[in-house]
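Reproduced below: model.cif, with mmCIF, C-alpha atoms.
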```cif
data_input
#
loop_
_atom_site.label_atom_id
_atom_site.label_comp_id
_atom_site.auth_asym_id
_atom_site.auth_seq_id
_atom_site.Cartn_x
_atom_site.Cartn_y
_atom_site.Cartn_z
CA MET A 1 3.95 20.16 27.52
CA ARG A 2 0.48 21.55 27.39
CA PRO A 3 -2.53 20.65 25.24
CA PRO A 4 -4.50 23.35 23.43
CA SER A 5 -6.83 25.32 25.66
CA SER A 6 -9.61 25.17 23.09
CA ALA A 7 -10.40 23.70 19.72
CA ARG A 8 -13.57 23.96 17.69
CA LEU A 9 -14.89 22.96 14.33
CA ARG A 10 -15.46 26.02 12.17
CA LYS A 11 -16.57 24.30 8.98
CA THR A 12 -16.34 20.93 7.27
CA ALA A 13 -17.04 19.45 3.88
CA LEU A 14 -17.31 15.98 5.42
CA SER A 15 -20.72 14.36 5.16
CA ASN A 16 -20.03 12.34 8.30
CA LYS A 17 -20.11 14.79 11.22
CA LYS A 18 -18.77 12.12 13.61
CA THR A 19 -15.51 12.06 11.65
CA ALA A 20 -15.17 15.82 11.97
CA GLU A 21 -15.96 15.67 15.71
CA CYS A 22 -13.36 12.92 16.13
CA LEU A 23 -10.72 15.11 14.49
CA VAL A 24 -11.54 18.01 16.82
CA GLU A 25 -11.30 15.66 19.80
CA ARG A 26 -7.84 14.55 18.63
CA VAL A 27 -6.71 18.18 18.36
CA HIS A 28 -7.56 18.60 22.05
CA LYS A 29 -4.96 15.92 22.79
CA LEU A 30 -2.09 17.59 20.90
CA GLU A 31 0.79 18.69 23.09
CA PHE A 32 3.28 21.44 22.38
CA PHE A 33 6.81 21.70 23.69
CA PRO A 34 7.76 24.24 24.81
CA PRO A 35 4.27 25.44 25.66
CA PRO A 36 3.39 28.49 23.55
CA ARG A 37 2.22 31.67 25.23
CA ARG A 38 -0.76 32.11 22.95
CA VAL A 39 -0.96 31.00 19.37
CA ASP A 40 -3.97 30.99 17.10
CA VAL A 41 -3.77 28.14 14.63
CA GLU A 42 -6.05 27.18 11.79
CA LEU A 43 -5.73 23.49 10.98
CA SER A 44 -6.74 22.14 7.59
CA ILE A 45 -7.10 18.37 7.22
CA GLN A 46 -7.58 16.54 3.94
CA ILE A 47 -9.26 13.14 3.89
CA TRP A 48 -8.43 10.84 0.97
CA PRO A 49 -10.26 7.69 -0.22
CA GLY A 50 -7.64 5.51 1.48
CA ASP A 51 -8.57 7.17 4.78
CA ALA A 52 -12.18 6.01 4.59
CA PRO A 53 -13.79 4.94 7.88
CA LEU A 54 -13.39 1.27 8.70
CA PRO A 55 -16.48 -0.92 8.96
CA SER A 56 -17.21 -2.52 12.30
CA VAL A 57 -16.48 -6.24 12.08
CA GLU A 58 -17.75 -8.70 14.65
CA PRO A 59 -15.86 -11.78 15.84
CA PRO A 60 -16.92 -15.14 14.36
CA ALA A 61 -20.22 -16.58 15.55
CA GLY A 62 -19.83 -18.85 18.56
CA GLU A 63 -16.84 -19.07 20.81
CA ILE A 64 -13.61 -20.77 19.90
CA GLU A 65 -12.80 -22.72 23.05
CA ALA A 66 -9.26 -23.75 22.17
CA PRO A 67 -7.98 -21.75 19.23
CA GLY A 68 -5.52 -23.51 16.99
CA VAL A 69 -1.98 -22.55 16.15
CA LEU A 70 -0.61 -22.24 12.63
CA ASP A 71 2.91 -23.07 11.54
CA VAL A 72 4.06 -19.62 10.39
CA ALA A 73 6.58 -20.94 7.84
CA ARG A 74 3.93 -23.17 6.22
CA LEU A 75 1.43 -20.32 6.26
CA GLU A 76 3.91 -17.99 4.51
CA THR A 77 4.37 -20.57 1.76
CA ALA A 78 0.60 -21.14 1.46
CA LEU A 79 -0.02 -17.37 1.14
CA GLU A 80 2.54 -16.87 -1.66
CA PRO A 81 -0.13 -17.25 -4.42
CA LEU A 82 -2.13 -14.51 -2.67
CA ARG A 83 0.88 -12.16 -2.77
CA SER A 84 1.23 -12.82 -6.51
CA ALA A 85 -2.50 -12.25 -7.02
CA ALA A 86 -2.27 -8.97 -5.08
CA LYS A 87 0.30 -7.65 -7.56
CA THR A 88 -1.86 -8.70 -10.50
CA CYS A 89 -5.12 -7.35 -9.02
CA TYR A 90 -3.55 -3.99 -8.18
CA SER A 91 -1.55 -3.51 -11.37
CA SER A 92 -4.63 -3.61 -13.61
CA ALA A 93 -6.35 -0.94 -11.49
CA PHE A 94 -3.13 1.08 -11.15
CA ASP A 95 -2.87 1.28 -14.95
CA LYS A 96 -6.22 3.10 -14.94
CA ASP A 97 -5.44 5.28 -11.88
CA PRO A 98 -1.74 5.78 -10.98
CA LYS A 99 -2.75 7.64 -7.80
CA LEU A 100 -4.68 4.62 -6.47
CA TRP A 101 -3.63 3.69 -2.96
CA GLY A 102 -5.02 2.20 0.23
CA ARG A 103 -5.12 -0.91 2.37
CA VAL A 104 -6.92 -4.22 1.93
CA GLU A 105 -7.39 -6.54 4.88
CA LEU A 106 -8.70 -10.08 4.56
CA ARG A 107 -9.89 -12.38 7.30
CA PHE A 108 -9.51 -16.14 7.12
CA ASP A 109 -11.51 -18.56 9.29
CA LEU A 110 -10.36 -22.19 9.47
CA ASP A 111 -12.27 -25.08 11.00
CA PRO A 112 -10.54 -27.57 13.37
CA LYS A 113 -9.42 -29.66 10.37
CA GLY A 114 -7.82 -26.66 8.69
CA ARG A 115 -10.46 -26.22 6.02
CA LEU A 116 -11.09 -22.67 4.95
CA THR A 117 -14.64 -21.84 6.05
CA ARG A 118 -14.45 -18.16 5.23
CA ALA A 119 -12.19 -15.76 3.37
CA ALA A 120 -13.62 -12.25 3.25
CA GLU A 121 -12.73 -8.59 3.32
CA ASN A 122 -12.35 -7.49 6.91
CA GLU A 123 -11.37 -3.86 7.49
CA SER A 124 -10.12 -2.32 4.29
CA ARG A 125 -9.44 1.21 3.23
CA PHE A 126 -9.33 0.81 -0.50
CA PRO A 127 -11.53 2.72 -2.94
CA GLU A 128 -11.33 0.32 -5.92
CA ARG A 129 -13.79 -2.50 -5.17
CA GLY A 130 -12.62 -4.58 -8.14
CA VAL A 131 -9.18 -5.01 -6.54
CA VAL A 132 -10.79 -6.13 -3.28
CA ARG A 133 -13.03 -8.65 -5.08
CA CYS A 134 -10.03 -9.97 -7.01
CA LEU A 135 -8.12 -10.55 -3.76
CA VAL A 136 -11.06 -12.21 -2.03
CA ASP A 137 -11.46 -14.59 -4.98
CA ALA A 138 -7.75 -15.44 -4.84
CA ALA A 139 -7.96 -15.96 -1.07
CA ARG A 140 -10.88 -18.37 -1.40
CA ALA A 141 -8.85 -20.52 -3.80
CA LEU A 142 -5.98 -21.03 -1.32
CA GLU A 143 -5.22 -24.36 0.28
CA LEU A 144 -4.06 -23.80 3.84
CA ALA A 145 -2.55 -26.33 6.22
CA ALA A 146 -4.50 -27.53 9.24
CA ALA A 147 -3.94 -25.67 12.48
CA LYS A 148 -2.73 -27.56 15.51
CA GLY A 149 -5.23 -27.63 18.33
CA GLY A 150 -8.43 -26.41 16.73
CA ALA A 151 -10.19 -23.77 14.68
CA LEU A 152 -8.79 -20.30 14.28
CA SER A 153 -9.04 -17.00 12.45
CA PHE A 154 -6.25 -14.82 11.16
CA ILE A 155 -5.86 -11.56 9.29
CA TRP A 156 -3.76 -10.84 6.19
CA ALA A 157 -3.35 -7.25 5.01
CA VAL A 158 -1.60 -5.46 2.18
CA ARG A 159 -1.05 -1.76 1.47
CA PHE A 160 -0.95 -0.57 -2.14
CA GLY A 161 0.55 2.64 -3.51
CA GLN A 162 1.45 5.77 -1.61
CA ALA A 163 -0.77 8.26 0.12
CA PRO A 164 -0.89 11.50 -1.83
CA SER A 165 1.22 14.28 -0.39
CA PRO A 166 -1.00 16.88 1.19
CA THR A 167 -1.42 20.09 -0.72
CA PRO A 168 -1.19 23.22 1.36
CA PRO A 169 -4.47 25.06 1.71
CA ALA A 170 -4.95 28.08 -0.51
CA LEU A 171 -4.22 31.33 1.28
CA PRO A 172 -7.08 33.79 1.43
CA PRO A 173 -6.68 36.82 -0.82
CA GLU A 174 -5.06 39.81 0.82
CA GLU A 175 -7.39 42.66 1.57
#
```

Just dump the structure as structure tokens.
Amino acid sequence: MRPPSSARLRKTALSNKKTAECLVERVHKLEFFPPPRRVDVELSIQIWPGDAPLPSVEPPAGEIEAPGVLDVARLETALEPLRSAAKTCYSSAFDKDPKLWGRVELRFDLDPKGRLTRAAENESRFPERGVVRCLVDAARALELAAAKGGALSFIWAVRFGQAPSPTPPALPPEE
């Protein structure tokens, strides 16, 4: 297997040049088997709203010396209202846009007594902000069981819809 000998960005419609540079860097890491003699390839990549860059999220302020442990079965039961809310939040937006898709990730921080100190969006890739707000509101209303051993944070994520199938690029007109 051999990676491409060269790759370069010819043009982009992306406003974020770092994203385009990252894609070119990834092309350098492609491997072909069996190695081609010489092939010229033009690669077209489509970016959709669900592929939006993730925000950088910092860990909680202060160190957690002895993180707690949650009972997974109890947590699953406690999160059931959030699953129901996710269906409701998404369905209203889906009715307006049947192509709506993406991922929502929420972060929960619990104090040593198991009280929810924070429920917030963490690293989502979802274009409809109303759905995200609806889920955050539902998350803040949850009652979670205390963790054994101390404070902790955990992540809950859900993916909605399906990514659109890529459309092949238009061929240039024949000369």

Residue nearest Ala13 in chain A - candidates A:Ala138, A:Ile45, A:Ala85, A:Val131, atoms counted: all atoms listed in the file: A:Ile45

Find the residues around Val132 in chain A up to 10 Å (only C-alpha atoms counted), leave out those fewer than 2 positions away in its own chain, and share them as a PyMOL selection string. chain A and resi 86+89-90+103-106+120-121+124-130+134-138

Using CA of Leu142 in chain A and CA of Pro112 in chain A as the two end points, give the distance in Å to one decimal. 16.7 Å

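When CA of Lys148 in chain A is paired with CA of Asp111 in chain A, their separation reads 10.8 Å.
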
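Note that CA of Glu42 in chain A and CA of Ser15 in chain A are 20.6 Å apart.
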
With distances taken over only C-alpha atoms, which residue among A:Lys87, A:Arg133, A:Lys113, A:His28 lies nearest Gly68 in chain A? A:Lys113

Within 7 Å of Leu144 in chain A using all atoms listed in the file, minus same-chain residues under 5 positions, as a PyMOL selection string: chain A and resi 75+78+114

Selection under test: the PyMOL selection byres ((chain A and resi 150-155) around 10); residues as number ranges by chain: A: 59-60, 64-70, 105-123, 146-149, 156-157

May I have the residues from that selection written out with C-alpha atoms, as a PDB file, in the coordinates of the input?
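part13.pdb was written with the following content:
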```
ATOM      1  CA  PRO A  59     -15.860 -11.780  15.840  1.00  0.00           C
ATOM      2  CA  PRO A  60     -16.920 -15.140  14.360  1.00  0.00           C
ATOM      3  CA  ILE A  64     -13.610 -20.770  19.900  1.00  0.00           C
ATOM      4  CA  GLU A  65     -12.800 -22.720  23.050  1.00  0.00           C
ATOM      5  CA  ALA A  66      -9.260 -23.750  22.170  1.00  0.00           C
ATOM      6  CA  PRO A  67      -7.980 -21.750  19.230  1.00  0.00           C
ATOM      7  CA  GLY A  68      -5.520 -23.510  16.990  1.00  0.00           C
ATOM      8  CA  VAL A  69      -1.980 -22.550  16.150  1.00  0.00           C
ATOM      9  CA  LEU A  70      -0.610 -22.240  12.630  1.00  0.00           C
ATOM     10  CA  GLU A 105      -7.390  -6.540   4.880  1.00  0.00           C
ATOM     11  CA  LEU A 106      -8.700 -10.080   4.560  1.00  0.00           C
ATOM     12  CA  ARG A 107      -9.890 -12.380   7.300  1.00  0.00           C
ATOM     13  CA  PHE A 108      -9.510 -16.140   7.120  1.00  0.00           C
ATOM     14  CA  ASP A 109     -11.510 -18.560   9.290  1.00  0.00           C
ATOM     15  CA  LEU A 110     -10.360 -22.190   9.470  1.00  0.00           C
ATOM     16  CA  ASP A 111     -12.270 -25.080  11.000  1.00  0.00           C
ATOM     17  CA  PRO A 112     -10.540 -27.570  13.370  1.00  0.00           C
ATOM     18  CA  LYS A 113      -9.420 -29.660  10.370  1.00  0.00           C
ATOM     19  CA  GLY A 114      -7.820 -26.660   8.690  1.00  0.00           C
ATOM     20  CA  ARG A 115     -10.460 -26.220   6.020  1.00  0.00           C
ATOM     21  CA  LEU A 116     -11.090 -22.670   4.950  1.00  0.00           C
ATOM     22  CA  THR A 117     -14.640 -21.840   6.050  1.00  0.00           C
ATOM     23  CA  ARG A 118     -14.450 -18.160   5.230  1.00  0.00           C
ATOM     24  CA  ALA A 119     -12.190 -15.760   3.370  1.00  0.00           C
ATOM     25  CA  ALA A 120     -13.620 -12.250   3.250  1.00  0.00           C
ATOM     26  CA  GLU A 121     -12.730  -8.590   3.320  1.00  0.00           C
ATOM     27  CA  ASN A 122     -12.350  -7.490   6.910  1.00  0.00           C
ATOM     28  CA  GLU A 123     -11.370  -3.860   7.490  1.00  0.00           C
ATOM     29  CA  ALA A 146      -4.500 -27.530   9.240  1.00  0.00           C
ATOM     30  CA  ALA A 147      -3.940 -25.670  12.480  1.00  0.00           C
ATOM     31  CA  LYS A 148      -2.730 -27.560  15.510  1.00  0.00           C
ATOM     32  CA  GLY A 149      -5.230 -27.630  18.330  1.00  0.00           C
ATOM     33  CA  TRP A 156      -3.760 -10.840   6.190  1.00  0.00           C
ATOM     34  CA  ALA A 157      -3.350  -7.250   5.010  1.00  0.00           C
TER      35      ALA A 157
END
```
